>>> print(open('input_20.tsv').read())   # TSV, C-alpha atoms
chain	number	residue	atom	x	y	z
A	132	MET	CA	15.60	-4.60	11.44
A	133	ASN	CA	15.43	-7.10	14.27
A	134	TYR	CA	12.62	-8.80	16.10
A	135	PRO	CA	12.65	-8.67	19.92
A	136	ASN	CA	13.88	-12.25	19.96
A	137	GLY	CA	16.86	-11.09	17.95
A	138	LYS	CA	16.04	-13.12	14.87
A	139	LYS	CA	16.46	-11.34	11.57
A	140	VAL	CA	13.20	-9.99	10.21
A	141	TYR	CA	12.50	-9.61	6.52
A	142	THR	CA	10.06	-6.87	5.72
A	143	ASN	CA	10.40	-6.40	2.00
A	144	HIS	CA	10.36	-8.58	-1.08
A	145	HIS	CA	13.78	-7.42	-2.25
A	146	VAL	CA	15.26	-10.16	-0.13
A	147	THR	CA	12.83	-12.93	-1.04
A	148	ASN	CA	15.03	-14.34	-3.76
A	149	LYS	CA	18.20	-14.09	-1.69
A	150	GLN	CA	19.79	-16.52	0.73
A	151	PRO	CA	20.11	-15.09	4.26
A	152	GLN	CA	23.87	-15.54	4.03
A	153	ASP	CA	23.96	-13.66	0.73
A	154	GLN	CA	26.77	-11.16	1.28
A	155	PHE	CA	24.74	-8.53	-0.56
A	156	SER	CA	21.38	-9.20	1.03
A	157	ASN	CA	21.64	-6.19	3.32
A	158	ARG	CA	22.79	-3.95	0.49
A	159	GLY	CA	19.44	-4.46	-1.18
A	160	MET	CA	17.81	-3.01	1.90
A	161	THR	CA	19.96	0.07	2.38
A	162	LEU	CA	18.12	2.31	-0.04
A	163	GLU	CA	14.77	1.15	1.30
A	164	LYS	CA	15.79	1.89	4.90
A	165	ASP	CA	17.07	5.32	3.86
A	166	ILE	CA	13.78	6.11	2.12
A	167	ASP	CA	11.72	4.84	5.06
A	168	GLU	CA	13.64	7.13	7.41
A	169	THR	CA	13.26	10.02	4.99
A	170	ASN	CA	9.51	9.39	4.77
A	171	ARG	CA	9.20	9.36	8.57
A	172	TYR	CA	11.01	12.69	8.66
A	173	TYR	CA	8.83	14.14	5.89
A	174	LEU	CA	5.69	12.98	7.70
A	175	ASN	CA	6.77	14.46	11.03
A	176	ARG	CA	7.63	17.73	9.35
A	177	GLY	CA	4.34	17.78	7.46
A	178	ARG	CA	6.10	17.75	4.09
A	179	CYS	CA	4.24	14.79	2.57
A	180	VAL	CA	2.48	11.53	3.42
A	181	VAL	CA	4.36	8.64	1.80
A	182	HIS	CA	4.50	5.07	3.07
A	183	LYS	CA	6.03	1.87	1.82
A	184	LYS	CA	3.42	-0.76	1.08
A	185	PRO	CA	3.64	-3.99	3.06
A	186	THR	CA	5.29	-6.95	1.34
A	187	PRO	CA	2.57	-8.93	-0.43
A	188	VAL	CA	2.33	-12.35	1.15
A	189	GLN	CA	0.13	-15.31	0.25
A	190	ILE	CA	-0.96	-16.77	3.56
A	191	VAL	CA	-1.73	-20.48	3.46
A	192	LYS	CA	-1.74	-21.73	7.04
A	193	VAL	CA	-2.53	-19.86	10.24
A	194	ASP	CA	-2.54	-21.23	13.78
A	195	TYR	CA	-4.77	-19.68	16.42
A	196	PRO	CA	-3.30	-20.57	19.80
A	197	LYS	CA	-5.67	-19.98	22.70
A	198	ARG	CA	-5.13	-16.65	24.45
A	199	SER	CA	-2.30	-15.59	22.13
A	200	ALA	CA	-1.76	-14.01	18.75
A	201	ALA	CA	-2.44	-15.84	15.49
A	202	VAL	CA	0.73	-17.38	14.05
A	203	ILE	CA	1.24	-17.67	10.32
A	204	LYS	CA	2.80	-21.10	9.79
A	205	GLU	CA	2.94	-21.23	6.00
A	206	ALA	CA	3.06	-18.33	3.59
A	207	TYR	CA	4.78	-17.33	0.37
A	208	PHE	CA	6.09	-14.09	-1.02
A	209	LYS	CA	3.92	-12.77	-3.84
A	210	GLN	CA	5.04	-10.56	-6.67
A	211	ALA	CA	3.90	-6.99	-6.07
A	212	SER	CA	1.29	-5.78	-8.56
A	213	THR	CA	2.17	-2.13	-7.95
A	214	THR	CA	5.15	-0.07	-6.87
A	215	ASP	CA	6.47	-0.09	-3.30
A	216	TYR	CA	5.81	3.53	-2.40
A	217	ASN	CA	2.89	5.85	-2.84
A	218	GLY	CA	1.37	8.79	-1.10
A	219	LEU	CA	0.45	12.43	-1.14
A	220	TYR	CA	2.42	15.61	-1.76
A	221	LYS	CA	0.89	19.07	-2.19
A	222	GLY	CA	-2.48	17.45	-2.78
A	223	LYS	CA	-1.09	15.35	-5.62
A	224	TYR	CA	-0.72	11.60	-5.87
A	225	LEU	CA	2.87	10.37	-5.66
A	226	ASP	CA	4.03	6.92	-6.76
A	227	PHE	CA	7.49	5.46	-7.07
A	228	GLU	CA	9.70	2.41	-6.98
A	229	ALA	CA	13.23	2.34	-5.54
A	230	LYS	CA	16.03	0.10	-6.78
A	231	GLU	CA	19.77	-0.02	-6.42
A	232	THR	CA	22.43	-1.65	-8.54
A	233	ARG	CA	26.09	-2.54	-8.20
A	234	ASN	CA	26.57	-1.95	-11.93
A	235	LYS	CA	28.69	1.03	-12.91
A	236	GLY	CA	27.73	1.69	-16.52
A	237	SER	CA	24.00	1.07	-16.65
A	238	PHE	CA	20.88	0.13	-14.73
A	239	PRO	CA	19.42	-3.31	-15.58
A	240	LEU	CA	15.73	-3.24	-16.50
A	241	SER	CA	15.41	-6.67	-14.88
A	242	ASN	CA	15.01	-4.73	-11.63
A	243	PHE	CA	11.43	-4.07	-12.66
A	244	HIS	CA	8.72	-6.47	-13.68
A	245	ALA	CA	5.92	-5.98	-16.18
A	246	HIS	CA	3.20	-5.43	-13.56
A	247	GLN	CA	5.08	-2.53	-12.03
A	248	ILE	CA	5.61	-0.83	-15.38
A	249	GLU	CA	1.95	-1.35	-16.23
A	250	HIS	CA	0.98	0.20	-12.90
A	251	MET	CA	3.27	3.18	-13.47
A	252	GLU	CA	1.72	3.68	-16.91
A	253	HIS	CA	-1.72	3.79	-15.28
A	254	VAL	CA	-0.49	6.33	-12.74
A	255	VAL	CA	0.97	8.58	-15.44
A	256	LYS	CA	-2.21	8.30	-17.49
A	257	HIS	CA	-4.21	9.47	-14.46
A	258	GLU	CA	-1.83	12.41	-13.92
A	259	GLY	CA	-0.05	11.10	-10.85
A	260	ILE	CA	3.57	12.00	-10.13
A	261	CYS	CA	5.46	8.83	-10.98
A	262	PHE	CA	9.18	8.08	-10.96
A	263	VAL	CA	11.83	5.59	-9.91
A	264	ILE	CA	14.65	6.18	-7.49
A	265	ILE	CA	17.78	4.50	-8.79
A	266	ARG	CA	20.88	4.18	-6.65
A	267	PHE	CA	24.27	3.38	-8.13
A	268	GLN	CA	26.09	1.81	-5.21
A	269	ALA	CA	29.47	2.19	-6.89
A	270	TYR	CA	29.14	5.97	-6.87
A	271	ASN	CA	26.79	6.16	-3.88
A	272	GLU	CA	24.53	8.30	-6.09
A	273	SER	CA	20.73	8.18	-6.08
A	274	TYR	CA	18.76	9.55	-9.00
A	275	MET	CA	15.14	10.43	-9.56
A	276	PHE	CA	14.20	9.17	-13.01
A	277	PRO	CA	10.69	10.03	-14.25
A	278	ALA	CA	8.54	7.04	-15.23
A	279	VAL	CA	7.76	8.61	-18.62
A	280	LYS	CA	11.46	8.38	-19.44
A	281	LEU	CA	11.66	4.80	-18.20
A	282	PHE	CA	8.83	3.48	-20.38
A	283	PRO	CA	10.58	3.81	-23.77
A	284	TYR	CA	13.60	1.85	-22.47
A	285	TRP	CA	11.36	-0.82	-21.00
A	286	HIS	CA	9.42	-1.37	-24.24
A	287	ARG	CA	12.44	-1.01	-26.48
A	288	GLN	CA	14.19	-3.96	-24.79
A	289	PHE	CA	11.74	-6.33	-26.49
A	290	LYS	CA	12.71	-4.90	-29.87
A	291	ASP	CA	16.43	-4.10	-29.90
A	292	GLY	CA	17.17	-6.30	-26.89
A	293	ARG	CA	18.98	-3.62	-24.87
A	294	LYS	CA	18.14	-4.64	-21.32
A	295	SER	CA	19.45	-1.64	-19.40
A	296	ILE	CA	19.46	2.15	-19.17
A	297	PRO	CA	22.88	3.75	-19.57
A	298	TYR	CA	24.21	5.55	-16.48
A	299	ASP	CA	24.79	8.67	-18.57
A	300	VAL	CA	21.13	8.79	-19.59
A	301	ILE	CA	19.96	8.53	-15.99
A	302	LYS	CA	22.48	11.20	-15.02
A	303	SER	CA	21.43	13.60	-17.79
A	304	GLU	CA	17.65	12.98	-17.97
A	305	GLY	CA	17.14	12.28	-14.27
A	306	ALA	CA	17.96	14.42	-11.25
A	307	ILE	CA	20.50	13.49	-8.62
A	308	ILE	CA	18.88	13.30	-5.19
A	309	PRO	CA	20.71	15.16	-2.43
A	310	SER	CA	21.49	13.15	0.69
A	311	GLY	CA	21.27	14.98	3.98
A	312	TYR	CA	20.22	14.26	7.50
A	313	PRO	CA	17.63	13.27	8.52
A	314	ALA	CA	16.46	13.36	4.90
A	315	LEU	CA	18.84	10.63	3.75
A	316	VAL	CA	17.20	10.49	0.32
A	317	ASP	CA	15.78	13.98	-0.03
A	318	TYR	CA	13.66	13.28	-3.11
A	319	LEU	CA	11.17	16.08	-2.44
A	320	SER	CA	13.94	18.59	-3.02
A	321	VAL	CA	14.20	17.52	-6.67
A	322	ILE	CA	10.57	16.62	-7.31
A	323	ASP	CA	9.60	20.25	-7.82
A	324	GLN	CA	12.21	20.75	-10.50
A	325	LEU	CA	11.07	17.66	-12.44
A	326	PHE	CA	7.30	17.72	-11.93
A	327	PHE	CA	6.05	21.15	-10.87
B	83	MET	CA	-10.25	-17.12	-1.99
B	84	ASN	CA	-8.61	-20.51	-2.23
B	85	TYR	CA	-5.08	-21.63	-2.82
B	86	PRO	CA	-4.47	-24.23	-5.57
B	87	ASN	CA	-4.05	-26.88	-2.88
B	88	GLY	CA	-7.56	-26.03	-1.75
B	89	LYS	CA	-6.52	-24.72	1.65
B	90	LYS	CA	-8.24	-21.56	2.78
B	91	VAL	CA	-6.16	-18.49	2.14
B	92	TYR	CA	-6.35	-15.38	4.29
B	93	THR	CA	-5.41	-12.25	2.43
B	94	ASN	CA	-6.61	-9.48	4.66
B	95	HIS	CA	-6.29	-8.59	8.31
B	96	HIS	CA	-10.05	-8.41	8.85
B	97	VAL	CA	-9.94	-12.13	9.56
B	98	THR	CA	-6.77	-12.19	11.62
B	99	ASN	CA	-8.56	-11.86	14.93
B	100	LYS	CA	-11.20	-14.41	14.01
B	101	GLN	CA	-11.24	-18.17	14.38
B	102	PRO	CA	-11.54	-19.98	11.01
B	103	GLN	CA	-14.77	-21.53	12.24
B	104	ASP	CA	-16.14	-18.10	13.13
B	105	GLN	CA	-19.59	-18.10	11.56
B	106	PHE	CA	-19.12	-14.45	10.61
B	107	SER	CA	-15.57	-14.62	9.33
B	108	ASN	CA	-16.66	-14.47	5.69
B	109	ARG	CA	-19.06	-11.61	6.33
B	110	GLY	CA	-16.11	-9.43	7.24
B	111	MET	CA	-14.69	-10.09	3.80
B	112	THR	CA	-17.76	-9.41	1.69
B	113	LEU	CA	-17.35	-5.66	1.51
B	114	GLU	CA	-13.65	-5.98	0.80
B	115	LYS	CA	-14.25	-8.44	-2.03
B	116	ASP	CA	-16.91	-6.16	-3.50
B	117	ILE	CA	-14.54	-3.20	-3.39
B	118	ASP	CA	-11.68	-5.21	-4.91
B	119	GLU	CA	-13.91	-6.22	-7.81
B	120	THR	CA	-15.09	-2.63	-8.21
B	121	ASN	CA	-11.49	-1.41	-8.27
B	122	ARG	CA	-10.56	-3.96	-10.93
B	123	TYR	CA	-13.48	-2.72	-13.02
B	124	TYR	CA	-12.53	0.94	-12.47
B	125	LEU	CA	-8.93	0.20	-13.44
B	126	ASN	CA	-9.92	-1.66	-16.62
B	127	ARG	CA	-12.26	1.15	-17.57
B	128	GLY	CA	-9.62	3.78	-16.85
B	129	ARG	CA	-11.78	5.43	-14.19
B	130	CYS	CA	-9.19	5.43	-11.39
B	131	VAL	CA	-6.19	3.56	-10.00
B	132	VAL	CA	-7.04	2.22	-6.54
B	133	HIS	CA	-5.56	-0.86	-4.90
B	134	LYS	CA	-5.90	-2.51	-1.53
B	135	LYS	CA	-2.64	-2.56	0.36
B	136	PRO	CA	-1.24	-5.96	1.29
B	137	THR	CA	-1.85	-7.18	4.82
B	138	PRO	CA	1.08	-6.05	6.97
B	139	VAL	CA	2.94	-9.09	8.24
B	140	GLN	CA	5.94	-9.35	10.57
B	141	ILE	CA	8.08	-12.09	9.10
B	142	VAL	CA	10.24	-13.91	11.63
B	143	LYS	CA	11.36	-17.16	10.01
B	144	VAL	CA	11.89	-17.97	6.34
B	145	ASP	CA	13.07	-21.26	4.86
B	146	TYR	CA	14.92	-21.27	1.54
B	147	PRO	CA	14.53	-24.76	0.06
B	148	LYS	CA	16.93	-25.45	-2.80
B	149	ARG	CA	15.41	-24.92	-6.24
B	150	SER	CA	12.04	-23.83	-4.85
B	151	ALA	CA	10.33	-20.73	-3.51
B	152	ALA	CA	11.11	-19.30	-0.09
B	153	VAL	CA	8.63	-20.46	2.54
B	154	ILE	CA	7.63	-18.22	5.43
B	155	LYS	CA	7.50	-20.52	8.45
B	156	GLU	CA	6.77	-18.00	11.20
B	157	ALA	CA	5.07	-14.64	10.86
B	158	TYR	CA	2.57	-12.48	12.69
B	159	PHE	CA	-0.14	-10.09	11.61
B	160	LYS	CA	0.80	-6.48	12.27
B	161	GLN	CA	-1.60	-3.64	12.88
B	162	ALA	CA	-1.87	-1.48	9.77
B	163	SER	CA	-0.43	2.00	10.21
B	164	THR	CA	-2.52	3.41	7.38
B	165	THR	CA	-5.83	2.73	5.70
B	166	ASP	CA	-6.41	-0.29	3.46
B	167	TYR	CA	-7.06	1.53	0.20
B	168	ASN	CA	-5.41	4.36	-1.62
B	169	GLY	CA	-4.89	5.50	-5.14
B	170	LEU	CA	-5.48	8.07	-7.79
B	171	TYR	CA	-8.60	9.66	-9.24
B	172	LYS	CA	-8.65	12.65	-11.62
B	173	GLY	CA	-5.05	13.39	-10.64
B	174	LYS	CA	-5.97	13.56	-6.98
B	175	TYR	CA	-4.89	11.33	-4.12
B	176	LEU	CA	-7.63	9.06	-2.81
B	177	ASP	CA	-7.52	7.29	0.55
B	178	PHE	CA	-10.14	5.29	2.38
B	179	GLU	CA	-10.93	2.52	4.83
B	180	ALA	CA	-13.85	0.09	4.48
B	181	LYS	CA	-15.72	-1.47	7.38
B	182	GLU	CA	-19.00	-3.26	7.85
B	183	THR	CA	-21.12	-3.78	10.90
B	184	ARG	CA	-24.00	-6.00	11.92
B	185	ASN	CA	-25.31	-3.22	14.18
B	186	LYS	CA	-28.56	-1.58	13.14
B	187	GLY	CA	-28.60	1.72	15.01
B	188	SER	CA	-24.99	2.88	14.92
B	189	PHE	CA	-21.46	2.22	13.71
B	190	PRO	CA	-18.95	1.30	16.45
B	191	LEU	CA	-15.80	3.42	16.41
B	192	SER	CA	-13.89	0.35	17.62
B	193	ASN	CA	-13.74	-0.60	13.94
B	194	PHE	CA	-10.92	1.93	13.59
B	195	HIS	CA	-7.71	2.23	15.52
B	196	ALA	CA	-5.80	5.38	16.43
B	197	HIS	CA	-3.11	4.94	13.77
B	198	GLN	CA	-5.68	4.88	10.99
B	199	ILE	CA	-7.40	8.03	12.25
B	200	GLU	CA	-4.03	9.75	12.57
B	201	HIS	CA	-3.18	8.73	9.00
B	202	MET	CA	-6.53	10.03	7.71
B	203	GLU	CA	-5.89	13.32	9.49
B	204	HIS	CA	-2.55	13.60	7.70
B	205	VAL	CA	-4.22	12.87	4.36
B	206	VAL	CA	-6.88	15.54	4.92
B	207	LYS	CA	-4.23	18.05	6.00
B	208	HIS	CA	-2.37	17.41	2.74
B	209	GLU	CA	-5.57	17.87	0.71
B	210	GLY	CA	-6.15	14.25	-0.19
B	211	ILE	CA	-9.65	12.87	-0.71
B	212	CYS	CA	-10.28	10.82	2.42
B	213	PHE	CA	-13.35	8.91	3.55
B	214	VAL	CA	-14.59	5.65	5.00
B	215	ILE	CA	-16.97	3.21	3.39
B	216	ILE	CA	-19.35	1.89	6.00
B	217	ARG	CA	-21.69	-1.00	5.26
B	218	PHE	CA	-24.68	-1.78	7.45
B	219	GLN	CA	-25.22	-5.48	6.81
B	220	ALA	CA	-28.71	-5.38	8.30
B	221	TYR	CA	-29.91	-3.01	5.57
B	222	ASN	CA	-27.34	-4.05	2.96
B	223	GLU	CA	-26.49	-0.35	2.62
B	224	SER	CA	-23.01	1.06	2.05
B	225	TYR	CA	-22.26	4.70	2.80
B	226	MET	CA	-19.42	7.04	1.95
B	227	PHE	CA	-18.65	9.04	5.08
B	228	PRO	CA	-16.03	11.79	4.74
B	229	ALA	CA	-13.08	11.52	7.13
B	230	VAL	CA	-13.57	15.12	8.27
B	231	LYS	CA	-16.97	14.11	9.63
B	232	LEU	CA	-15.55	11.03	11.29
B	233	PHE	CA	-12.83	12.85	13.26
B	234	PRO	CA	-15.13	14.73	15.68
B	235	TYR	CA	-16.87	11.47	16.66
B	236	TRP	CA	-13.55	9.71	17.11
B	237	HIS	CA	-12.14	12.38	19.42
B	238	ARG	CA	-15.39	12.98	21.26
B	239	GLN	CA	-15.55	9.34	22.44
B	240	PHE	CA	-12.69	10.08	24.85
B	241	LYS	CA	-14.69	12.91	26.39
B	242	ASP	CA	-18.37	11.95	26.48
B	243	GLY	CA	-17.70	8.26	26.03
B	244	ARG	CA	-20.03	7.76	23.07
B	245	LYS	CA	-18.24	4.99	21.16
B	246	SER	CA	-20.27	4.94	17.95
B	247	ILE	CA	-21.73	7.06	15.15
B	248	PRO	CA	-25.52	6.98	14.89
B	249	TYR	CA	-26.89	5.39	11.73
B	250	ASP	CA	-29.00	8.49	11.10
B	251	VAL	CA	-25.90	10.70	11.10
B	252	ILE	CA	-24.13	8.49	8.57
B	253	LYS	CA	-27.30	8.46	6.46
B	254	SER	CA	-27.75	12.22	6.55
B	255	GLU	CA	-24.13	13.45	6.46
B	256	GLY	CA	-22.75	10.65	4.28
B	257	ALA	CA	-23.82	9.51	0.83
B	258	ILE	CA	-25.31	6.12	0.07
B	259	ILE	CA	-23.19	4.25	-2.46
B	260	PRO	CA	-25.11	2.72	-5.37
B	261	SER	CA	-24.49	-0.96	-6.00
B	262	GLY	CA	-24.45	-2.07	-9.62
B	263	TYR	CA	-22.62	-4.54	-11.75
B	264	PRO	CA	-19.71	-4.84	-12.21
B	265	ALA	CA	-19.30	-1.80	-9.94
B	266	LEU	CA	-20.60	-3.58	-6.83
B	267	VAL	CA	-19.64	-0.63	-4.62
B	268	ASP	CA	-19.78	2.27	-7.05
B	269	TYR	CA	-18.09	4.81	-4.78
B	270	LEU	CA	-16.82	7.01	-7.63
B	271	SER	CA	-20.41	7.84	-8.51
B	272	VAL	CA	-20.85	9.65	-5.18
B	273	ILE	CA	-17.32	10.97	-4.72
B	274	ASP	CA	-17.93	13.89	-7.05
B	275	GLN	CA	-20.95	15.05	-5.09
B	276	LEU	CA	-19.03	14.97	-1.79
B	277	PHE	CA	-15.55	16.12	-2.81
B	278	PHE	CA	-15.59	17.94	-6.16
>>> encode(input="input_20.tsv", output="structure tokens")
Amino acid sequence: MNYPNGKKVYTNHHVTNKQPQDQFSNRGMTLEKDIDETNRYYLNRGRCVVHKKPTPVQIVKVDYPKRSAAVIKEAYFKQASTTDYNGLYKGKYLDFEAKETRNKGSFPLSNFHAHQIEHMEHVVKHEGICFVIIRFQAYNESYMFPAVKLFPYWHRQFKDGRKSIPYDVIKSEGAIIPSGYPALVDYLSVIDQLFF
Amino acid sequence: MNYPNGKKVYTNHHVTNKQPQDQFSNRGMTLEKDIDETNRYYLNRGRCVVHKKPTPVQIVKVDYPKRSAAVIKEAYFKQASTTDYNGLYKGKYLDFEAKETRNKGSFPLSNFHAHQIEHMEHVVKHEGICFVIIRFQAYNESYMFPAVKLFPYWHRQFKDGRKSIPYDVIKSEGAIIPSGYPALVDYLSVIDQLFF
């Protein structure tokens, strides 16, 4: 995504801990861009109303030039207290996080932080539809993995120390998400089979 | 809200078009702060899961100092494409915007922009619970006004030119929101009567 002046624009916190020249920095954004495009398509087709939340930013210094827009001169990326995506499908509340990994054999739990898991637990408790979208870049496969199946792995890591979910588990207990066009990550097509 | 270094911190776009010395700049934040505190209370009590979305910011320039956090050096406030608040209540999707006015006789529609109305129309179409919270500072009254009752006034302004909703209409067709503690804006207490 580029700003009119051509400078690179960062619009999500996935890149906040990466150097701009990080050779993988754009990889981290691929899944997000695919989901954003899918959500635009869903919205236009009246399938659902799902948006990515803005990147949380702590604004410290703002300039107010006369007769022109306010300019933020100092700000810091904040850790999100919820997931990145939420919205509405068939009258129900939808909530999910999307992550991709270059690992082949498992998905590292370090991709999530405690606040997000806590939020997902709240959502499940209040009967929202909650899941994560996990993409394995090596296989170019994206899976829908229900939050209720993620929780045990998250909590278990503090006991047995296993800090990842095996690929086979995600494959067998999750649902592979078909990729089409313009629905690049057609998650609604598998949501019914997992949640309805 | 203050940053450790004591500098004023702006965390919502209500203030973005105001000068820091604007004598009313903190008024615009009162309702939001009250709702944030109410939402924290609701969450802790397991009543609902509602969060304010982060302020949308267009990030143009980021510095990455060695061994310290990334610093945003140039960014601009973006217009929100959705409402400020959404979440989950009794398994249903909840979506609302909160605005306050110093007017006594009516609420100016200029408090909303077309994207927000469009978003609320999508939410209603998909059977979400959608409303606005309108506070009249002069009476210190906050009302829940269903989105479906807002739409006709919004669209009518482009025909008959009336650019506001009369106070009496909001009073009669909306529901006054009780203010208690810690539920400063106890909107859940009136939601059932309007939506369930």
>>> residues_around(input="input_20.tsv", residues="region 197-205 of chain B", least_positions_apart="2", cutoff="7 Å", atoms="all atoms listed in the file", output="number ranges by chain")
A: 180; B: 163-165, 194-195, 207-210, 212, 229
>>> atom_distance(input="input_20.tsv", atom1="CA of Pro264 (chain B)", atom2="CA of Ile260 (chain A)")
28.8 Å
>>> closest_atom_pairs(input="input_20.tsv", of="chain B", to="chain A", cutoff="6 Å", atoms="all atoms listed in the file", output="Markdown table")
| residue | atom | partner | partner_atom | distance |
| --- | --- | --- | --- | --- |
| B:Val91 | CA | A:Val191 | CA | 5.0 |
| B:Tyr92 | CA | A:Ile190 | CA | 5.6 |
| B:Pro136 | CA | A:Pro187 | CA | 5.1 |
| B:Pro138 | CA | A:Pro185 | CA | 5.1 |
| B:Ile141 | CA | A:Val140 | CA | 5.6 |
| B:Val142 | CA | A:Val140 | CA | 5.1 |
| B:Val153 | CA | A:Tyr207 | CA | 5.4 |
| B:Ile154 | CA | A:Ala206 | CA | 4.9 |
| B:Lys155 | CA | A:Lys204 | CA | 4.9 |
| B:Glu156 | CA | A:Lys204 | CA | 5.2 |
| B:Ala157 | CA | A:Ile203 | CA | 4.9 |
| B:Tyr158 | CA | A:Val202 | CA | 5.4 |
| B:Gly173 | CA | A:Glu258 | CA | 4.7 |
| B:Lys174 | CA | A:Lys223 | CA | 5.4 |
| B:Tyr175 | CA | A:Tyr224 | CA | 4.5 |
| B:His208 | CA | A:Gly222 | CA | 5.5 |
| B:Glu209 | CA | A:Gly222 | CA | 4.7 |
| B:Gly210 | CA | A:Gly222 | CA | 5.5 |
>>> closest_residue(input="input_20.tsv", among="B:Ser188, B:Ser254, B:Asn121, B:Asn193", to="Tyr167 (chain B)", atoms="only C-alpha atoms")
B:Asn121
>>> closest_residue(input="input_20.tsv", among="A:Asn234, A:Asp215, A:Ser241, A:Tyr274", to="Lys302 (chain A)", atoms="only C-alpha atoms")
A:Tyr274
>>> atom_distance(input="input_20.tsv", atom1="CA of Lys186 (chain B)", atom2="CA of Lys231 (chain B)")
19.8 Å
>>> closest_residue(input="input_20.tsv", among="A:Asn271, A:Gln210, A:Ser320, A:Ser310", to="Glu168 (chain A)", atoms="all atoms listed in the file")
A:Ser310
>>> residues_around(input="input_20.tsv", residues="Ile307 (chain A)", least_positions_apart="5", cutoff="12 Å", atoms="only C-alpha atoms", output="ChimeraX atom specification")
/A:263-267,270-277,298-302,316-322,324-325
>>> axis_aligned_box(input="input_20.tsv", around="region 222-226 of chain A", padding_each_side="6 Å", output="JSON")
{"center_x": 0.8, "center_y": 12.2, "center_z": -4.8, "size_x": 18.5, "size_y": 22.5, "size_z": 16.0}
>>> atom_distance(input="input_20.tsv", atom1="CA of Thr232 (chain A)", atom2="CA of Asp291 (chain A)")
22.3 Å
>>> residues_around(input="input_20.tsv", residues="Pro190 (chain B)", least_positions_apart="4", cutoff="7 Å", atoms="only C-alpha atoms", output="ChimeraX atom specification")
/B:245-247
>>> closest_residue(input="input_20.tsv", among="A:Lys290, A:Pro297, A:Glu231, A:Thr169", to="Pro309 (chain A)", atoms="only C-alpha atoms")
A:Thr169
>>> closest_residue(input="input_20.tsv", among="B:Leu191, B:Ala220, B:Ala196, B:Ala257", to="Tyr235 (chain B)", atoms="only C-alpha atoms")
B:Leu191
